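Below you'll find the structure, written out as structure tokens, and then a few comments.
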Amino acid sequence: MTWEPDCSWSNGSTLARVAQTVDCKKPPAEFDLEAFAAKATRIRNEVRVPGS
């Protein structure tokens with residue numbers, strides 16, 4: 001069994017979702033949400049087309 005934090009965003013022509021599967025043996029309180037948010041931001045910046 002797993003649980004899955006995710007982050008999503010959209011603009012006029014794109015919808016994106018970044019998710020990470022986590023083993024259910026690791027309680028949500030132990031998940032590093034700040035590190036996941038930083039990873040989602042890096043991915044967003046890498047795939048984003050300027051001006052869109």
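By order in the structure tokens, chains are A, B, ...; within a chain, residues start at 1; ligands start at 1, following the order shown.
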DSSP strand (DSSP E or B) residues within chain A, listed as a ChimeraX atom specification
/A:2-3,6-10,15-19,22-23
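Restricting the calculation to only C-alpha atoms, the smallest distance between Ala40 (chain A) and any of A:Gly12, A:Pro28, A:Cys7, A:Asp23 is found for A:Cys7.
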So that I can check the surroundings of Ala19 (chain A), please list as a PDB file with N, CA and C atoms, in the first residue's frame every protein, DNA and RNA residue that reaches within 10 Å of it, counting only C-alpha atoms and ignoring chain neighbours fewer than 2 positions away.
ATOM      1  N   GLU A   4       0.347   9.080  -1.966  1.00  0.00           N
ATOM      2  CA  GLU A   4       0.993   9.834  -3.035  1.00  0.00           C
ATOM      3  C   GLU A   4       0.760  11.334  -2.917  1.00  0.00           C
ATOM      4  N   PRO A   5       1.748  12.094  -2.408  1.00  0.00           N
ATOM      5  CA  PRO A   5       1.633  13.548  -2.452  1.00  0.00           C
ATOM      6  C   PRO A   5       1.786  14.018  -3.888  1.00  0.00           C
ATOM      7  N   ASP A   6       1.120  15.112  -4.228  1.00  0.00           N
ATOM      8  CA  ASP A   6       1.276  15.630  -5.582  1.00  0.00           C
ATOM      9  C   ASP A   6       1.167  17.141  -5.602  1.00  0.00           C
ATOM     10  N   CYS A   7       1.629  17.706  -6.708  1.00  0.00           N
ATOM     11  CA  CYS A   7       1.584  19.140  -6.958  1.00  0.00           C
ATOM     12  C   CYS A   7       1.181  19.319  -8.406  1.00  0.00           C
ATOM     13  N   SER A   8       0.278  20.228  -8.683  1.00  0.00           N
ATOM     14  CA  SER A   8      -0.132  20.445 -10.064  1.00  0.00           C
ATOM     15  C   SER A   8      -0.239  21.929 -10.359  1.00  0.00           C
ATOM     16  N   ARG A  17       1.209  17.662 -13.600  1.00  0.00           N
ATOM     17  CA  ARG A  17       1.097  17.110 -12.247  1.00  0.00           C
ATOM     18  C   ARG A  17       2.381  16.367 -11.933  1.00  0.00           C
ATOM     19  N   THR A  21       5.214   8.485  -5.258  1.00  0.00           N
ATOM     20  CA  THR A  21       4.636   7.394  -4.495  1.00  0.00           C
ATOM     21  C   THR A  21       5.491   7.133  -3.262  1.00  0.00           C
ATOM     22  N   VAL A  22       4.845   6.981  -2.113  1.00  0.00           N
ATOM     23  CA  VAL A  22       5.540   6.784  -0.844  1.00  0.00           C
ATOM     24  C   VAL A  22       4.988   5.531  -0.181  1.00  0.00           C
ATOM     25  N   PHE A  36       9.982  17.939  -1.585  1.00  0.00           N
ATOM     26  CA  PHE A  36       9.091  17.599  -2.690  1.00  0.00           C
ATOM     27  C   PHE A  36       8.644  18.858  -3.426  1.00  0.00           C
ATOM     28  N   ALA A  40       9.234  19.742  -7.353  1.00  0.00           N
ATOM     29  CA  ALA A  40       8.138  20.117  -8.255  1.00  0.00           C
ATOM     30  C   ALA A  40       8.433  21.470  -8.915  1.00  0.00           C
TER      31      ALA A  40
END
Go through region 2-45 of chain A and collect every residue that DSSP, computed from the backbone, puts in helix (DSSP H, G or I); the answer should be as a list in words.
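Matching residues, listed in order: Pro28, Ala29, Glu30, Leu33, Glu34, Ala35, Phe36, Ala37, Ala38, Lys39, Ala40, Thr41, Arg42, Ile43, Arg44 and Asn45 of chain A.
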Let's have the selection written as a PDB file, in the first residue's frame, with N, CA, C and O atoms.
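The result, written out as result10.pdb:
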ATOM      1  N   PRO A  28       2.884  10.224   6.880  1.00  0.00           N
ATOM      2  CA  PRO A  28       2.941  11.525   6.199  1.00  0.00           C
ATOM      3  C   PRO A  28       3.773  12.567   6.941  1.00  0.00           C
ATOM      4  O   PRO A  28       4.428  13.387   6.314  1.00  0.00           O
ATOM      5  N   ALA A  29       3.752  12.545   8.255  1.00  0.00           N
ATOM      6  CA  ALA A  29       4.501  13.539   9.029  1.00  0.00           C
ATOM      7  C   ALA A  29       6.008  13.421   8.795  1.00  0.00           C
ATOM      8  O   ALA A  29       6.744  14.386   8.984  1.00  0.00           O
ATOM      9  N   GLU A  30       6.480  12.258   8.358  1.00  0.00           N
ATOM     10  CA  GLU A  30       7.906  12.064   8.116  1.00  0.00           C
ATOM     11  C   GLU A  30       8.310  12.397   6.687  1.00  0.00           C
ATOM     12  O   GLU A  30       9.488  12.421   6.359  1.00  0.00           O
ATOM     13  N   LEU A  33       8.049  17.429   2.829  1.00  0.00           N
ATOM     14  CA  LEU A  33       7.210  18.182   1.906  1.00  0.00           C
ATOM     15  C   LEU A  33       7.966  19.344   1.276  1.00  0.00           C
ATOM     16  O   LEU A  33       7.763  19.666   0.109  1.00  0.00           O
ATOM     17  N   GLU A  34       8.863  19.952   2.002  1.00  0.00           N
ATOM     18  CA  GLU A  34       9.667  21.055   1.459  1.00  0.00           C
ATOM     19  C   GLU A  34      10.555  20.569   0.313  1.00  0.00           C
ATOM     20  O   GLU A  34      10.671  21.239  -0.718  1.00  0.00           O
ATOM     21  N   ALA A  35      11.167  19.404   0.464  1.00  0.00           N
ATOM     22  CA  ALA A  35      12.014  18.854  -0.601  1.00  0.00           C
ATOM     23  C   ALA A  35      11.166  18.484  -1.814  1.00  0.00           C
ATOM     24  O   ALA A  35      11.577  18.710  -2.953  1.00  0.00           O
ATOM     25  N   PHE A  36       9.982  17.939  -1.585  1.00  0.00           N
ATOM     26  CA  PHE A  36       9.091  17.599  -2.690  1.00  0.00           C
ATOM     27  C   PHE A  36       8.644  18.858  -3.426  1.00  0.00           C
ATOM     28  O   PHE A  36       8.627  18.900  -4.649  1.00  0.00           O
ATOM     29  N   ALA A  37       8.315  19.909  -2.696  1.00  0.00           N
ATOM     30  CA  ALA A  37       7.914  21.172  -3.316  1.00  0.00           C
ATOM     31  C   ALA A  37       9.053  21.755  -4.144  1.00  0.00           C
ATOM     32  O   ALA A  37       8.835  22.272  -5.244  1.00  0.00           O
ATOM     33  N   ALA A  38      10.281  21.654  -3.641  1.00  0.00           N
ATOM     34  CA  ALA A  38      11.444  22.147  -4.395  1.00  0.00           C
ATOM     35  C   ALA A  38      11.626  21.338  -5.676  1.00  0.00           C
ATOM     36  O   ALA A  38      11.926  21.896  -6.737  1.00  0.00           O
ATOM     37  N   LYS A  39      11.430  20.013  -5.603  1.00  0.00           N
ATOM     38  CA  LYS A  39      11.539  19.170  -6.791  1.00  0.00           C
ATOM     39  C   LYS A  39      10.463  19.540  -7.811  1.00  0.00           C
ATOM     40  O   LYS A  39      10.749  19.668  -9.007  1.00  0.00           O
ATOM     41  N   ALA A  40       9.234  19.742  -7.353  1.00  0.00           N
ATOM     42  CA  ALA A  40       8.138  20.117  -8.255  1.00  0.00           C
ATOM     43  C   ALA A  40       8.433  21.470  -8.915  1.00  0.00           C
ATOM     44  O   ALA A  40       8.180  21.655 -10.109  1.00  0.00           O
ATOM     45  N   THR A  41       8.994  22.400  -8.167  1.00  0.00           N
ATOM     46  CA  THR A  41       9.351  23.709  -8.719  1.00  0.00           C
ATOM     47  C   THR A  41      10.435  23.575  -9.781  1.00  0.00           C
ATOM     48  O   THR A  41      10.356  24.208 -10.840  1.00  0.00           O
ATOM     49  N   ARG A  42      11.451  22.751  -9.514  1.00  0.00           N
ATOM     50  CA  ARG A  42      12.505  22.528 -10.512  1.00  0.00           C
ATOM     51  C   ARG A  42      11.928  21.933 -11.791  1.00  0.00           C
ATOM     52  O   ARG A  42      12.252  22.383 -12.895  1.00  0.00           O
ATOM     53  N   ILE A  43      11.048  20.950 -11.657  1.00  0.00           N
ATOM     54  CA  ILE A  43      10.437  20.329 -12.833  1.00  0.00           C
ATOM     55  C   ILE A  43       9.608  21.352 -13.587  1.00  0.00           C
ATOM     56  O   ILE A  43       9.681  21.454 -14.811  1.00  0.00           O
ATOM     57  N   ARG A  44       8.816  22.142 -12.868  1.00  0.00           N
ATOM     58  CA  ARG A  44       7.997  23.177 -13.519  1.00  0.00           C
ATOM     59  C   ARG A  44       8.869  24.138 -14.309  1.00  0.00           C
ATOM     60  O   ARG A  44       8.591  24.473 -15.456  1.00  0.00           O
ATOM     61  N   ASN A  45       9.954  24.584 -13.701  1.00  0.00           N
ATOM     62  CA  ASN A  45      10.842  25.531 -14.369  1.00  0.00           C
ATOM     63  C   ASN A  45      11.524  24.918 -15.593  1.00  0.00           C
ATOM     64  O   ASN A  45      11.786  25.618 -16.571  1.00  0.00           O
TER      65      ASN A  45
END
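Between CA of Gln20 (chain A) and CA of Trp3 (chain A) there is a distance of 8.5 Å.
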